[in-house]
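Visitor: Supplied structure: coords38.cif, mmCIF, C-alpha atoms.
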data_input
loop_
_atom_site.label_atom_id
_atom_site.label_comp_id
_atom_site.auth_asym_id
_atom_site.auth_seq_id
_atom_site.Cartn_x
_atom_site.Cartn_y
_atom_site.Cartn_z
CA MET A 309 37.40 41.83 54.39
CA GLU A 310 39.60 43.40 57.07
CA ARG A 311 38.51 40.79 59.61
CA LEU A 312 39.29 37.98 57.14
CA LEU A 313 42.81 39.33 56.57
CA ILE A 314 43.38 39.49 60.33
CA ILE A 315 42.20 35.90 60.73
CA CYS A 316 44.43 34.69 57.86
CA PHE A 317 47.44 36.56 59.26
CA SER A 318 46.84 35.17 62.76
CA ALA A 319 46.44 31.61 61.45
CA ALA A 320 49.59 31.88 59.32
CA LEU A 321 51.59 33.31 62.22
CA GLY A 322 50.38 30.67 64.67
CA THR A 323 50.92 27.78 62.23
CA GLY A 324 54.40 29.03 61.40
CA PHE A 325 55.27 29.17 65.09
CA TYR A 326 53.92 25.64 65.62
CA TYR A 327 56.03 24.10 62.87
CA TRP A 328 59.11 26.09 63.90
CA PHE A 329 58.70 24.81 67.44
CA SER A 330 58.10 21.24 66.19
CA VAL A 331 61.47 21.33 64.44
CA MET A 332 63.38 23.05 67.25
CA ILE A 333 62.05 20.69 69.96
CA LYS A 334 64.05 17.84 68.41
CA LYS A 335 67.32 19.66 69.12
CA LYS A 336 69.09 18.74 72.33
CA TRP A 337 69.74 22.32 73.42
CA MET A 338 66.03 23.17 73.16
CA GLN A 339 65.06 20.17 75.29
CA GLU A 340 67.65 21.14 77.90
CA TYR A 341 66.32 24.68 77.92
CA ILE A 342 62.79 23.39 78.52
CA PHE A 343 63.94 21.19 81.41
CA THR A 344 65.65 24.17 83.07
CA HIS A 345 62.65 26.50 82.46
CA GLN A 346 59.73 24.23 83.27
CA TRP A 347 57.86 27.09 84.92
CA LEU A 348 57.61 28.62 81.44
CA LEU A 349 57.71 25.79 78.89
CA SER A 350 56.55 22.56 80.52
CA PRO A 351 53.30 21.16 79.04
CA ASN A 352 51.32 22.15 82.13
CA ALA A 353 52.82 25.65 82.15
CA ILE A 354 51.87 26.10 78.48
CA CYS A 355 48.31 25.06 79.39
CA TYR A 356 48.19 27.82 82.00
CA TRP A 357 49.62 30.41 79.60
CA ARG A 358 47.19 29.63 76.79
CA THR A 359 44.25 29.76 79.20
CA VAL A 360 45.34 33.20 80.40
CA LEU A 361 45.73 34.34 76.78
CA ALA A 362 42.30 32.99 75.81
CA ILE A 363 40.53 34.64 78.75
CA GLY A 364 42.32 37.90 77.98
CA GLY A 365 41.23 37.61 74.35
CA PHE A 366 37.65 36.95 75.47
CA PHE A 367 37.46 40.20 77.45
CA LEU A 368 39.20 42.18 74.71
CA TYR A 369 36.71 40.93 72.10
CA PHE A 370 33.42 41.27 73.95
CA PHE A 371 34.14 44.14 76.36
CA SER A 372 36.47 46.46 74.43
CA GLY A 373 37.12 47.77 70.95
CA TYR A 374 40.31 45.74 70.43
CA GLN A 375 38.73 42.87 68.51
CA PRO A 376 41.60 42.41 65.98
CA VAL A 377 44.04 42.02 68.88
CA ALA A 378 41.65 39.58 70.54
CA ILE A 379 41.51 37.42 67.39
CA LEU A 380 45.32 37.34 67.20
CA ILE A 381 45.60 36.39 70.87
CA PHE A 382 42.92 33.68 70.67
CA THR A 383 44.44 32.14 67.52
CA PHE A 384 47.84 31.95 69.18
CA ALA A 385 46.26 30.39 72.29
CA ALA A 386 44.59 27.74 70.10
CA ILE A 387 47.89 26.92 68.39
CA LEU A 388 49.53 26.45 71.80
CA ASP A 389 47.13 23.55 72.35
CA GLY A 390 49.29 21.61 69.89
CA VAL A 391 52.57 22.94 71.30
CA ASP A 392 52.03 21.50 74.79
CA GLY A 393 51.51 18.04 73.26
CA VAL A 394 54.71 18.37 71.23
CA VAL A 395 56.66 19.21 74.40
CA ALA A 396 55.06 16.36 76.37
CA ARG A 397 55.89 13.74 73.74
CA ASN A 398 59.40 14.88 72.81
CA CYS A 399 60.56 15.61 76.35
CA ASN A 400 58.76 12.66 77.96
CA MET A 401 56.84 14.99 80.28
CA ILE A 402 53.46 13.25 80.11
CA SER A 403 51.79 13.28 83.54
CA ARG A 404 48.51 12.31 85.17
CA LEU A 405 47.85 15.97 85.93
CA GLY A 406 48.53 16.85 82.32
CA GLU A 407 45.90 14.36 81.11
CA TRP A 408 43.33 16.25 83.14
CA LEU A 409 44.70 19.76 82.65
CA ASP A 410 45.03 19.75 78.85
CA PRO A 411 41.33 19.17 78.05
CA MET A 412 40.34 21.47 80.92
CA CYS A 413 42.38 24.32 79.42
CA ASP A 414 40.85 23.54 76.01
CA LYS A 415 37.40 24.06 77.48
CA LEU A 416 38.43 27.30 79.19
CA THR A 417 39.79 28.48 75.85
CA TYR A 418 36.84 27.89 73.51
CA LEU A 419 33.70 27.66 75.72
CA PRO A 420 33.65 31.32 76.98
CA PRO A 421 33.84 32.86 73.47
CA LEU A 422 31.26 30.38 72.14
CA LEU A 423 28.94 31.47 74.96
CA GLY A 424 29.69 35.10 74.14
CA PHE A 425 28.82 34.62 70.47
CA ALA A 426 25.62 32.82 71.48
CA TYR A 427 24.41 35.78 73.54
CA ILE A 428 25.09 38.28 70.74
CA GLY A 429 22.92 36.20 68.42
CA ILE A 430 25.43 34.31 66.25
CA LEU A 431 25.07 30.82 67.75
CA SER A 432 22.18 28.95 69.32
CA VAL A 433 22.19 29.62 73.07
CA LYS A 434 20.52 26.26 73.70
CA LEU A 435 23.13 24.28 71.72
CA VAL A 436 26.04 26.08 73.41
CA TRP A 437 24.68 25.27 76.87
CA ILE A 438 24.19 21.62 75.84
CA LEU A 439 27.83 21.51 74.75
CA ILE A 440 28.93 23.13 78.01
CA ALA A 441 26.92 20.62 80.06
CA ILE A 442 28.46 17.63 78.23
CA GLU A 443 31.96 19.09 78.48
CA LEU A 444 31.68 19.75 82.21
CA PHE A 445 30.15 16.32 82.81
CA GLY A 446 33.06 14.68 80.99
CA GLN A 447 35.67 16.83 82.72
CA PHE A 448 34.53 16.57 86.32
CA PHE A 449 32.24 13.56 86.73
CA ALA A 450 33.38 11.09 84.06
CA ARG A 451 37.08 11.64 84.76
CA ARG A 452 36.56 11.17 88.48
CA VAL A 453 34.86 7.83 87.83
CA LEU A 454 37.66 6.82 85.46
CA GLN A 455 40.24 7.81 88.05
CA TYR A 456 38.47 5.68 90.66
CA PHE A 457 38.74 2.62 88.39
CA LYS A 458 42.34 3.60 87.46
CA ILE A 459 41.48 4.14 83.80
CA SER A 460 43.26 6.82 81.79
CA GLY A 461 41.15 9.89 81.09
CA ALA A 462 43.43 11.21 78.34
CA ALA A 463 41.75 12.83 75.36
CA ASN A 464 40.83 10.41 72.57
CA ASN A 465 40.54 11.14 68.84
CA PHE A 466 36.90 12.23 69.18
CA GLY A 467 37.90 14.83 71.77
CA LYS A 468 40.89 16.09 69.81
CA ILE A 469 38.90 16.56 66.61
CA LYS A 470 36.11 18.24 68.59
CA ALA A 471 38.58 20.69 70.16
CA ILE A 472 39.98 21.69 66.75
CA ILE A 473 36.47 22.26 65.39
CA CYS A 474 35.53 24.34 68.46
CA PHE A 475 38.64 26.52 68.02
CA ALA A 476 37.79 26.96 64.34
CA LEU A 477 34.15 27.74 65.19
CA VAL A 478 35.23 30.62 67.43
CA ILE A 479 37.29 32.09 64.59
CA PHE A 480 34.40 31.55 62.14
CA CYS A 481 32.01 33.35 64.50
CA ALA A 482 34.41 36.30 64.67
CA LEU A 483 34.33 36.44 60.85
CA LEU A 484 30.54 36.10 60.81
CA ASP A 485 30.19 38.85 63.42
CA GLU A 486 31.50 41.40 60.92
CA ASN A 487 30.29 39.77 57.69
CA ARG A 488 26.74 38.54 58.21
CA GLY A 489 26.54 37.73 54.48
CA VAL A 490 28.84 34.70 54.98
CA VAL A 491 27.05 31.35 54.82
CA ASP A 492 26.09 30.70 58.46
CA ILE A 493 26.92 27.11 59.33
CA GLY A 494 27.68 27.85 62.98
CA ASP A 495 24.84 25.84 64.51
CA GLU A 496 25.49 22.85 62.20
CA ILE A 497 29.15 22.79 63.27
CA LEU A 498 28.11 23.24 66.89
CA LEU A 499 25.84 20.19 66.61
CA ALA A 500 28.80 18.18 65.26
CA CYS A 501 30.84 19.31 68.30
CA ILE A 502 28.08 18.08 70.63
CA ILE A 503 28.07 14.66 68.93
CA LEU A 504 31.88 14.39 69.08
CA SER A 505 31.96 15.53 72.70
CA THR A 506 29.39 12.88 73.64
CA ALA A 507 31.34 10.20 71.76
CA SER A 508 34.55 11.29 73.50
CA VAL A 509 32.95 10.77 76.94
CA VAL A 510 31.23 7.48 76.07
CA PHE A 511 34.30 5.85 74.53
CA LYS A 512 36.38 6.54 77.64
CA PHE A 513 34.24 3.95 79.45
CA VAL A 514 34.45 1.32 76.70
CA PRO A 515 37.03 -1.48 77.20
CA ASN A 516 39.73 -1.21 74.54
CA ARG A 517 39.12 -4.70 73.14
CA LEU A 518 35.53 -3.73 72.25
CA TYR A 519 36.50 -0.65 70.23
CA ALA A 520 36.79 -2.51 66.91
CA ASP A 521 33.46 -4.33 67.27
CA ILE A 522 31.64 -1.16 68.29
CA LEU A 523 33.02 0.73 65.30
CA SER A 524 32.02 -2.12 62.97
CA THR A 525 28.54 -2.10 64.51
CA LEU A 526 28.28 1.65 63.94
CA ASN A 527 29.34 1.09 60.33
CA PHE A 528 26.58 -1.51 59.96
CA ILE A 529 24.03 0.86 61.52
CA CYS A 530 25.11 3.55 59.05
CA GLY A 531 24.51 1.13 56.17
CA VAL A 532 21.02 0.22 57.36
CA THR A 533 20.19 3.87 58.06
CA SER A 534 21.34 4.79 54.56
CA LEU A 535 19.00 2.18 53.05
CA VAL A 536 16.08 3.67 55.00
CA LEU A 537 16.97 7.24 53.96
CA THR A 538 17.32 6.20 50.33
CA TYR A 539 13.92 4.48 50.45
CA ASN A 540 12.40 7.75 51.67
CA GLY A 541 14.13 9.76 48.93
CA TYR A 542 16.83 11.47 51.04
CA ILE A 543 19.69 10.54 48.72
CA ALA A 544 22.23 13.16 49.86
CA ARG A 545 21.64 12.35 53.52
CA ALA A 546 21.95 8.65 52.77
CA ILE A 547 25.32 9.27 51.15
CA ILE A 548 26.53 11.35 54.11
CA VAL A 549 25.59 8.48 56.43
CA ILE A 550 27.58 6.04 54.26
CA ILE A 551 30.59 8.37 54.50
CA ALA A 552 30.20 8.34 58.28
CA GLY A 553 30.23 4.54 58.07
CA GLN A 554 33.48 4.73 56.11
CA LEU A 555 35.06 6.75 58.90
CA PHE A 556 34.04 4.04 61.39
CA ASP A 557 35.39 1.37 59.02
CA LEU A 558 38.67 3.27 58.73
CA PHE A 559 39.31 2.97 62.46
CA ASP A 560 37.91 -0.48 63.32
CA GLY A 561 40.88 -2.27 61.75
CA ARG A 562 43.37 -0.02 63.49
CA MET A 563 41.64 -0.54 66.83
CA ALA A 564 41.68 -4.32 66.32
CA LEU A 565 45.43 -4.27 65.64
CA LYS A 566 46.14 -1.94 68.56
CA HIS A 567 43.81 -3.33 71.24
CA GLY A 568 42.69 -6.70 69.92
CA GLY A 569 39.04 -7.68 69.54
CA THR A 570 36.51 -10.47 69.88
CA ILE A 571 36.15 -13.60 67.75
CA TYR A 572 33.10 -12.08 66.07
CA GLY A 573 34.94 -8.94 64.96
CA PRO A 574 36.07 -10.05 61.47
CA TYR A 575 32.60 -11.39 60.57
CA LEU A 576 30.91 -8.24 61.82
CA ASP A 577 33.33 -6.09 59.82
CA ASP A 578 32.63 -7.99 56.57
CA ILE A 579 28.85 -7.84 57.04
CA ALA A 580 29.00 -4.11 57.78
CA ASP A 581 31.18 -3.49 54.71
CA PHE A 582 28.80 -5.43 52.47
CA VAL A 583 25.76 -3.49 53.69
CA SER A 584 27.37 -0.02 53.74
CA PHE A 585 29.55 -0.27 50.63
CA GLY A 586 27.60 -2.83 48.61
CA LEU A 587 23.85 -2.81 49.21
CA ALA A 588 23.51 0.89 50.12
CA PRO A 589 25.24 2.36 47.00
CA ALA A 590 23.42 -0.16 44.77
CA TYR A 591 20.07 0.93 46.19
CA VAL A 592 20.99 4.57 45.52
CA MET A 593 21.42 3.66 41.84
CA VAL A 594 18.04 1.94 41.80
CA LYS A 595 16.32 4.88 43.49
CA LEU A 596 17.84 7.39 41.05
CA GLY A 597 16.17 5.59 38.15
CA VAL A 598 19.35 4.55 36.35
CA PRO A 599 18.53 2.76 33.04
CA VAL A 600 18.12 -1.00 33.73
CA SER A 601 19.15 -0.07 37.24
CA TYR A 602 18.49 -3.48 38.80
CA ILE A 603 20.98 -5.13 36.43
CA PHE A 604 23.77 -2.69 37.19
CA ALA A 605 22.93 -2.71 40.89
CA LEU A 606 23.21 -6.51 40.86
CA ILE A 607 26.53 -6.31 39.00
CA TYR A 608 27.83 -3.79 41.53
CA VAL A 609 26.70 -5.81 44.57
CA SER A 610 28.26 -8.95 43.07
CA GLY A 611 31.52 -7.06 42.52
CA VAL A 612 31.63 -5.89 46.14
CA ALA A 613 30.80 -9.41 47.40
CA TYR A 614 33.53 -10.93 45.24
CA ARG A 615 36.01 -8.28 46.42
CA LEU A 616 35.26 -9.00 50.10
CA VAL A 617 35.33 -12.80 49.70
CA ARG A 618 38.61 -12.68 47.76
CA PHE A 619 40.15 -10.47 50.43
CA VAL A 620 39.16 -12.84 53.28
CA THR A 621 39.88 -16.19 51.58
CA THR A 622 42.85 -15.35 49.35
CA ASP A 623 44.51 -11.96 49.81
CA LYS A 624 44.96 -12.30 53.58
CA GLN A 625 46.88 -15.55 53.07
CA ARG A 626 49.16 -14.26 50.31
CA THR A 627 52.81 -13.79 51.24
CA ASP A 628 53.69 -11.86 48.10
CA LEU A 629 51.28 -9.04 48.94
CA PRO A 630 53.04 -6.47 51.16
CA GLU A 631 51.36 -5.33 54.35
CA GLY A 632 49.11 -2.32 53.77
CA VAL A 633 48.54 -3.12 50.11
CA PHE A 634 45.17 -4.06 48.62
CA ASN A 635 44.74 -6.33 45.62
CA GLY A 636 42.12 -4.29 43.76
CA LEU A 637 40.34 -1.09 44.76
CA PRO A 638 38.99 -1.38 48.35
CA SER A 639 35.19 -1.47 48.53
CA PRO A 640 34.86 1.83 50.48
CA ALA A 641 36.64 3.68 47.65
CA GLY A 642 34.56 1.82 45.08
CA ALA A 643 31.41 2.91 46.90
CA LEU A 644 32.58 6.53 46.98
CA LEU A 645 33.16 6.42 43.23
CA VAL A 646 29.55 5.38 42.63
CA LEU A 647 28.09 7.72 45.26
CA GLY A 648 30.03 10.76 44.09
CA ALA A 649 28.98 10.13 40.50
CA SER A 650 25.35 9.68 41.54
CA LEU A 651 25.36 13.30 42.73
CA ALA A 652 27.58 14.88 40.07
CA VAL A 653 26.82 13.17 36.73
CA PRO A 654 23.57 12.51 34.82
CA PRO A 655 21.90 9.16 35.67
CA ASN A 656 22.55 7.85 32.15
CA TYR A 657 26.31 7.82 32.79
CA LEU A 658 26.11 6.21 36.23
CA PRO A 659 26.11 2.61 34.89
CA LEU A 660 29.50 3.28 33.27
CA VAL A 661 30.87 4.56 36.59
CA ALA A 662 29.46 1.49 38.36
CA LEU A 663 31.18 -0.80 35.84
CA LEU A 664 34.44 1.15 36.28
CA SER A 665 34.16 0.77 40.05
CA VAL A 666 33.52 -2.98 39.79
CA GLY A 667 36.38 -3.39 37.31
CA LEU A 668 38.82 -1.67 39.66
CA MET A 669 37.61 -3.64 42.70
CA VAL A 670 37.95 -7.08 41.06
CA SER A 671 41.18 -6.17 39.28
CA LYS A 672 44.66 -7.07 40.50
CA ILE A 673 45.83 -3.46 40.49
CA ARG A 674 47.48 -2.68 43.79
CA PHE A 675 46.14 0.13 45.97
CA ALA A 676 47.48 1.49 49.24
CA HIS A 677 45.66 0.95 52.51
CA PHE A 678 44.55 4.42 53.61
CA GLY A 679 44.98 3.73 57.33
CA ARG A 680 48.19 1.69 57.29
CA VAL A 681 50.08 3.44 54.48
CA ILE A 682 48.74 6.90 53.68
CA MET A 683 47.81 7.93 57.22
CA LYS A 684 51.27 6.96 58.47
CA GLU A 685 52.70 9.61 56.17
CA ILE A 686 50.32 12.27 57.47
CA PRO A 687 51.49 14.15 60.60
CA ARG A 688 49.01 13.75 63.44
CA PRO A 689 48.11 17.48 63.55
CA LEU A 690 47.31 17.40 59.82
CA PHE A 691 45.20 14.27 60.30
CA PHE A 692 43.12 15.92 63.02
CA MET A 693 42.85 19.10 60.93
CA GLY A 694 41.75 17.08 57.91
CA SER A 695 39.13 15.19 59.94
CA ALA A 696 37.80 18.48 61.29
CA MET A 697 37.69 19.91 57.76
CA ILE A 698 35.63 16.96 56.51
CA ILE A 699 33.04 17.58 59.23
CA VAL A 700 32.92 21.30 58.42
CA ILE A 701 32.45 20.53 54.70
CA ILE A 702 29.57 18.17 55.50
CA ALA A 703 28.00 20.93 57.62
CA LEU A 704 28.39 23.32 54.68
CA VAL A 705 26.71 20.84 52.34
CA PHE A 706 23.80 20.47 54.76
CA LYS A 707 23.43 24.24 54.94
CA THR A 708 23.82 25.14 51.25
CA ARG A 709 22.20 21.96 49.88
CA SER A 710 24.71 22.09 47.01
CA ILE A 711 24.40 18.45 45.98
CA GLU A 712 26.54 18.70 42.86
CA MET A 713 29.42 20.31 44.77
CA PHE A 714 29.23 17.48 47.30
CA GLY A 715 29.45 14.92 44.50
CA TYR A 716 32.54 16.53 42.99
CA LEU A 717 34.19 16.66 46.43
CA ILE A 718 33.57 12.92 46.88
CA LEU A 719 34.95 12.08 43.43
CA GLY A 720 37.93 14.34 44.01
CA SER A 721 38.73 12.57 47.29
CA VAL A 722 38.69 9.16 45.54
CA PHE A 723 41.02 10.28 42.76
CA LEU A 724 43.32 11.96 45.30
CA TYR A 725 43.44 8.69 47.28
CA MET A 726 44.34 6.75 44.12
CA ILE A 727 47.09 9.17 43.06
CA VAL A 728 48.67 9.59 46.49
CA GLY A 729 48.43 5.86 47.19
CA ARG A 730 50.13 4.91 43.92
CA LYS A 731 52.92 7.42 44.56
CA LEU A 732 53.56 6.03 48.06
CA LEU A 733 53.57 2.43 46.81
CA GLN A 734 56.07 3.34 44.08
CA LYS A 735 58.20 5.07 46.70
CA LYS A 736 58.15 2.02 48.97
CA SER A 737 59.04 -0.38 46.16
CA ALA A 738 61.88 1.82 44.85
#
Turn the structure described in the file into structure tokens.
Guide:
Amino acid sequence: MERLLIICFSAALGTGFYYWFSVMIKKKWMQEYIFTHQWLLSPNAICYWRTVLAIGGFFLYFFSGYQPVAILIFTFAAILDGVDGVVARNCNMISRLGEWLDPMCDKLTYLPPLLGFAYIGILSVKLVWILIAIELFGQFFARRVLQYFKISGAANNFGKIKAIICFALVIFCALLDENRGVVDIGDEILLACIILSTASVVFKFVPNRLYADILSTLNFICGVTSLVLTYNGYIARAIIVIIAGQLFDLFDGRMALKHGGTIYGPYLDDIADFVSFGLAPAYVMVKLGVPVSYIFALIYVSGVAYRLVRFVTTDKQRTDLPEGVFNGLPSPAGALLVLGASLAVPPNYLPLVALLSVGLMVSKIRFAHFGRVIMKEIPRPLFFMGSAMIIVIIALVFKTRSIEMFGYLILGSVFLYMIVGRKLLQKKSA
């Protein structure tokens, strides 16, 4: 309990400092102070300071009795990872060195304590060394190749989310070190970090115009994989894979707008959506033995198909439909409604949920686009924190096998999307 209070206090103190600094950095006098004290407050200087703090915290934790102080120091060092980015963006101090230094300092901050926790028996030694190998490969070899071809090696979203999860994993291990009764999801989170780290390296070599098509392809693969898992009776895993597909779907449109795409992109996106958010949830209903399941599955698939066709042939051409507004519930949210209910409610009630989902999708009720409306209102640090939290929750579900809790979380996310989206649309129209 004492360790938990220390962690909560450290997190509150560090978060408070971050938001205070985020406000103060917009003031002219603060920017002038930073320019005249670059040895102390430039982005690169902050990287050096947080690395020194993290290494000091490492030795205090593993080689002395001052573990509470070490937790406080490490938490503050992790928060500074966001502060250097705030300074770089607001003071226009982004540099080529900084692109290399920032992720390097991240690694020097979280890799030593992860290795320390592995060798005292809290994490898998093998998984930690795999993560270290991928991180060092990306930092020293991949970046050198990118530099040779004059391609930016700046951290992408995969790397930023991975860093946040790694920082959180260190804090979690410190909690677990004193309270071994806590549900141990360390290795599951570590595996997620390995996947994200690999994706971060791979996507640095992908041409920007191919991002959207690759993400749509990954969404399609998730849909097919979900069908296979459902066929073999792994319903919860199939649903998790569909959620992963939704994350890919969330970003493919944004990547297409930002970097462009190929002529096949829109067709690939529609096919992937139909498989992942139409066929896969319908097959889950069939496999669960819903009464007259084939009829309701057919109704649901038809609803998703109609929703996608209407969007492509009609809604995209409408001039009275504001940008970032959907005519009817988007198919990913409709799929989540069915999938969440399939885990949380008795099978007899699932047909009613499927009909509700279809009714909302084919309706003319307006819903906000999550990526273009809701995400724009979410500060970038909160977005990365939220993404990291989703991955941690999925790891917890894998560990505890609490299927019903997972279902309620999915349903809660859909209703939260509906409520927040409606509020933002009303605000925009006011």
Visitor: If I take atom CA of A:Ala676 and atom CA of A:Tyr725, how far is one from the other in Å, to one decimal?
Guide: 8.5 Å
Visitor: One decimal, in Å: what's the spacing between atom CA of A:Met401 and atom CA of A:Leu321?
Guide: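 Atom-to-atom, atom CA of A:Met401 and atom CA of A:Leu321 are spaced 26.3 Å apart.
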Visitor: Given the PyMOL selection byres ((chain A and resi 500) around 9) and the file above, list the residues it selects as an mmCIF file with C-alpha atoms, in the frame of the given file.
Guide:
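After the write, expr.cif holds the following:
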data_model
loop_
_atom_site.group_PDB
_atom_site.id
_atom_site.type_symbol
_atom_site.label_atom_id
_atom_site.label_comp_id
_atom_site.auth_asym_id
_atom_site.auth_seq_id
_atom_site.Cartn_x
_atom_site.Cartn_y
_atom_site.Cartn_z
ATOM 1 C CA LYS A 470 36.110 18.240 68.590
ATOM 2 C CA ILE A 473 36.470 22.260 65.390
ATOM 3 C CA ASP A 495 24.840 25.840 64.510
ATOM 4 C CA GLU A 496 25.490 22.850 62.200
ATOM 5 C CA ILE A 497 29.150 22.790 63.270
ATOM 6 C CA LEU A 498 28.110 23.240 66.890
ATOM 7 C CA LEU A 499 25.840 20.190 66.610
ATOM 8 C CA CYS A 501 30.840 19.310 68.300
ATOM 9 C CA ILE A 502 28.080 18.080 70.630
ATOM 10 C CA ILE A 503 28.070 14.660 68.930
ATOM 11 C CA LEU A 504 31.880 14.390 69.080
ATOM 12 C CA SER A 505 31.960 15.530 72.700
ATOM 13 C CA ILE A 699 33.040 17.580 59.230
ATOM 14 C CA VAL A 700 32.920 21.300 58.420
ATOM 15 C CA ALA A 703 28.000 20.930 57.620
#
Visitor: Grab the atom CA of A:Ala396 to atom CA of A:Asn352 distance for me, in Å with one decimal place.
Guide: 9.0 Å
Visitor: Tell me, as number ranges by chain, which residues lie within 9 Å of A:Ala353, counting only C-alpha atoms; anything in the same chain fewer than 6 positions away does not count.
Guide: A: 346-347, 392
Visitor: Can you find the residues with an atom no farther than 12 Å from (32.2, 20.4, 82.1), counting all atoms listed in the file, and report them as number ranges by chain?
Guide: A: 408, 411-416, 419, 437-451, 505-506, 509
Visitor: N, CA and C atoms are needed for stretch 528-548 of chain A; please write them out as a PDB file, in the coordinates of the input.
Guide:
ATOM      1  N   PHE A 528      27.756  -0.753  60.385  1.00  0.00           N
ATOM      2  CA  PHE A 528      26.580  -1.510  59.960  1.00  0.00           C
ATOM      3  C   PHE A 528      25.297  -0.678  60.125  1.00  0.00           C
ATOM      4  N   ILE A 529      25.196   0.017  61.268  1.00  0.00           N
ATOM      5  CA  ILE A 529      24.030   0.860  61.520  1.00  0.00           C
ATOM      6  C   ILE A 529      23.937   1.969  60.472  1.00  0.00           C
ATOM      7  N   CYS A 530      25.097   2.524  60.090  1.00  0.00           N
ATOM      8  CA  CYS A 530      25.110   3.550  59.050  1.00  0.00           C
ATOM      9  C   CYS A 530      24.587   2.986  57.723  1.00  0.00           C
ATOM     10  N   GLY A 531      24.982   1.752  57.401  1.00  0.00           N
ATOM     11  CA  GLY A 531      24.510   1.130  56.170  1.00  0.00           C
ATOM     12  C   GLY A 531      23.006   0.942  56.158  1.00  0.00           C
ATOM     13  N   VAL A 532      22.467   0.436  57.258  1.00  0.00           N
ATOM     14  CA  VAL A 532      21.020   0.220  57.360  1.00  0.00           C
ATOM     15  C   VAL A 532      20.278   1.566  57.318  1.00  0.00           C
ATOM     16  N   THR A 533      20.807   2.550  58.052  1.00  0.00           N
ATOM     17  CA  THR A 533      20.190   3.870  58.060  1.00  0.00           C
ATOM     18  C   THR A 533      20.178   4.478  56.662  1.00  0.00           C
ATOM     19  N   SER A 534      21.271   4.275  55.926  1.00  0.00           N
ATOM     20  CA  SER A 534      21.340   4.790  54.560  1.00  0.00           C
ATOM     21  C   SER A 534      20.274   4.152  53.672  1.00  0.00           C
ATOM     22  N   LEU A 535      20.037   2.850  53.826  1.00  0.00           N
ATOM     23  CA  LEU A 535      19.000   2.180  53.050  1.00  0.00           C
ATOM     24  C   LEU A 535      17.626   2.787  53.341  1.00  0.00           C
ATOM     25  N   VAL A 536      17.361   3.073  54.616  1.00  0.00           N
ATOM     26  CA  VAL A 536      16.080   3.670  55.000  1.00  0.00           C
ATOM     27  C   VAL A 536      15.943   5.080  54.411  1.00  0.00           C
ATOM     28  N   LEU A 537      17.001   5.876  54.510  1.00  0.00           N
ATOM     29  CA  LEU A 537      16.970   7.240  53.960  1.00  0.00           C
ATOM     30  C   LEU A 537      16.777   7.224  52.453  1.00  0.00           C
ATOM     31  N   THR A 538      17.464   6.303  51.786  1.00  0.00           N
ATOM     32  CA  THR A 538      17.320   6.200  50.330  1.00  0.00           C
ATOM     33  C   THR A 538      15.888   5.816  49.966  1.00  0.00           C
ATOM     34  N   TYR A 539      15.300   4.900  50.693  1.00  0.00           N
ATOM     35  CA  TYR A 539      13.920   4.480  50.450  1.00  0.00           C
ATOM     36  C   TYR A 539      12.955   5.665  50.546  1.00  0.00           C
ATOM     37  N   ASN A 540      13.259   6.582  51.472  1.00  0.00           N
ATOM     38  CA  ASN A 540      12.400   7.750  51.670  1.00  0.00           C
ATOM     39  C   ASN A 540      12.794   8.932  50.780  1.00  0.00           C
ATOM     40  N   GLY A 541      13.770   8.738  49.906  1.00  0.00           N
ATOM     41  CA  GLY A 541      14.130   9.760  48.930  1.00  0.00           C
ATOM     42  C   GLY A 541      15.183  10.755  49.376  1.00  0.00           C
ATOM     43  N   TYR A 542      15.794  10.556  50.549  1.00  0.00           N
ATOM     44  CA  TYR A 542      16.830  11.470  51.040  1.00  0.00           C
ATOM     45  C   TYR A 542      18.212  10.975  50.590  1.00  0.00           C
ATOM     46  N   ILE A 543      18.481  11.131  49.299  1.00  0.00           N
ATOM     47  CA  ILE A 543      19.690  10.540  48.720  1.00  0.00           C
ATOM     48  C   ILE A 543      20.959  11.155  49.308  1.00  0.00           C
ATOM     49  N   ALA A 544      21.019  12.499  49.356  1.00  0.00           N
ATOM     50  CA  ALA A 544      22.230  13.160  49.860  1.00  0.00           C
ATOM     51  C   ALA A 544      22.504  12.780  51.305  1.00  0.00           C
ATOM     52  N   ARG A 545      21.457  12.736  52.113  1.00  0.00           N
ATOM     53  CA  ARG A 545      21.640  12.350  53.520  1.00  0.00           C
ATOM     54  C   ARG A 545      22.086  10.893  53.630  1.00  0.00           C
ATOM     55  N   ALA A 546      21.550  10.058  52.770  1.00  0.00           N
ATOM     56  CA  ALA A 546      21.950   8.650  52.770  1.00  0.00           C
ATOM     57  C   ALA A 546      23.434   8.514  52.461  1.00  0.00           C
ATOM     58  N   ILE A 547      23.904   9.322  51.523  1.00  0.00           N
ATOM     59  CA  ILE A 547      25.320   9.270  51.150  1.00  0.00           C
ATOM     60  C   ILE A 547      26.201   9.784  52.281  1.00  0.00           C
ATOM     61  N   ILE A 548      25.764  10.829  52.960  1.00  0.00           N
ATOM     62  CA  ILE A 548      26.530  11.350  54.110  1.00  0.00           C
ATOM     63  C   ILE A 548      26.644  10.285  55.197  1.00  0.00           C
TER      64      ILE A 548
END
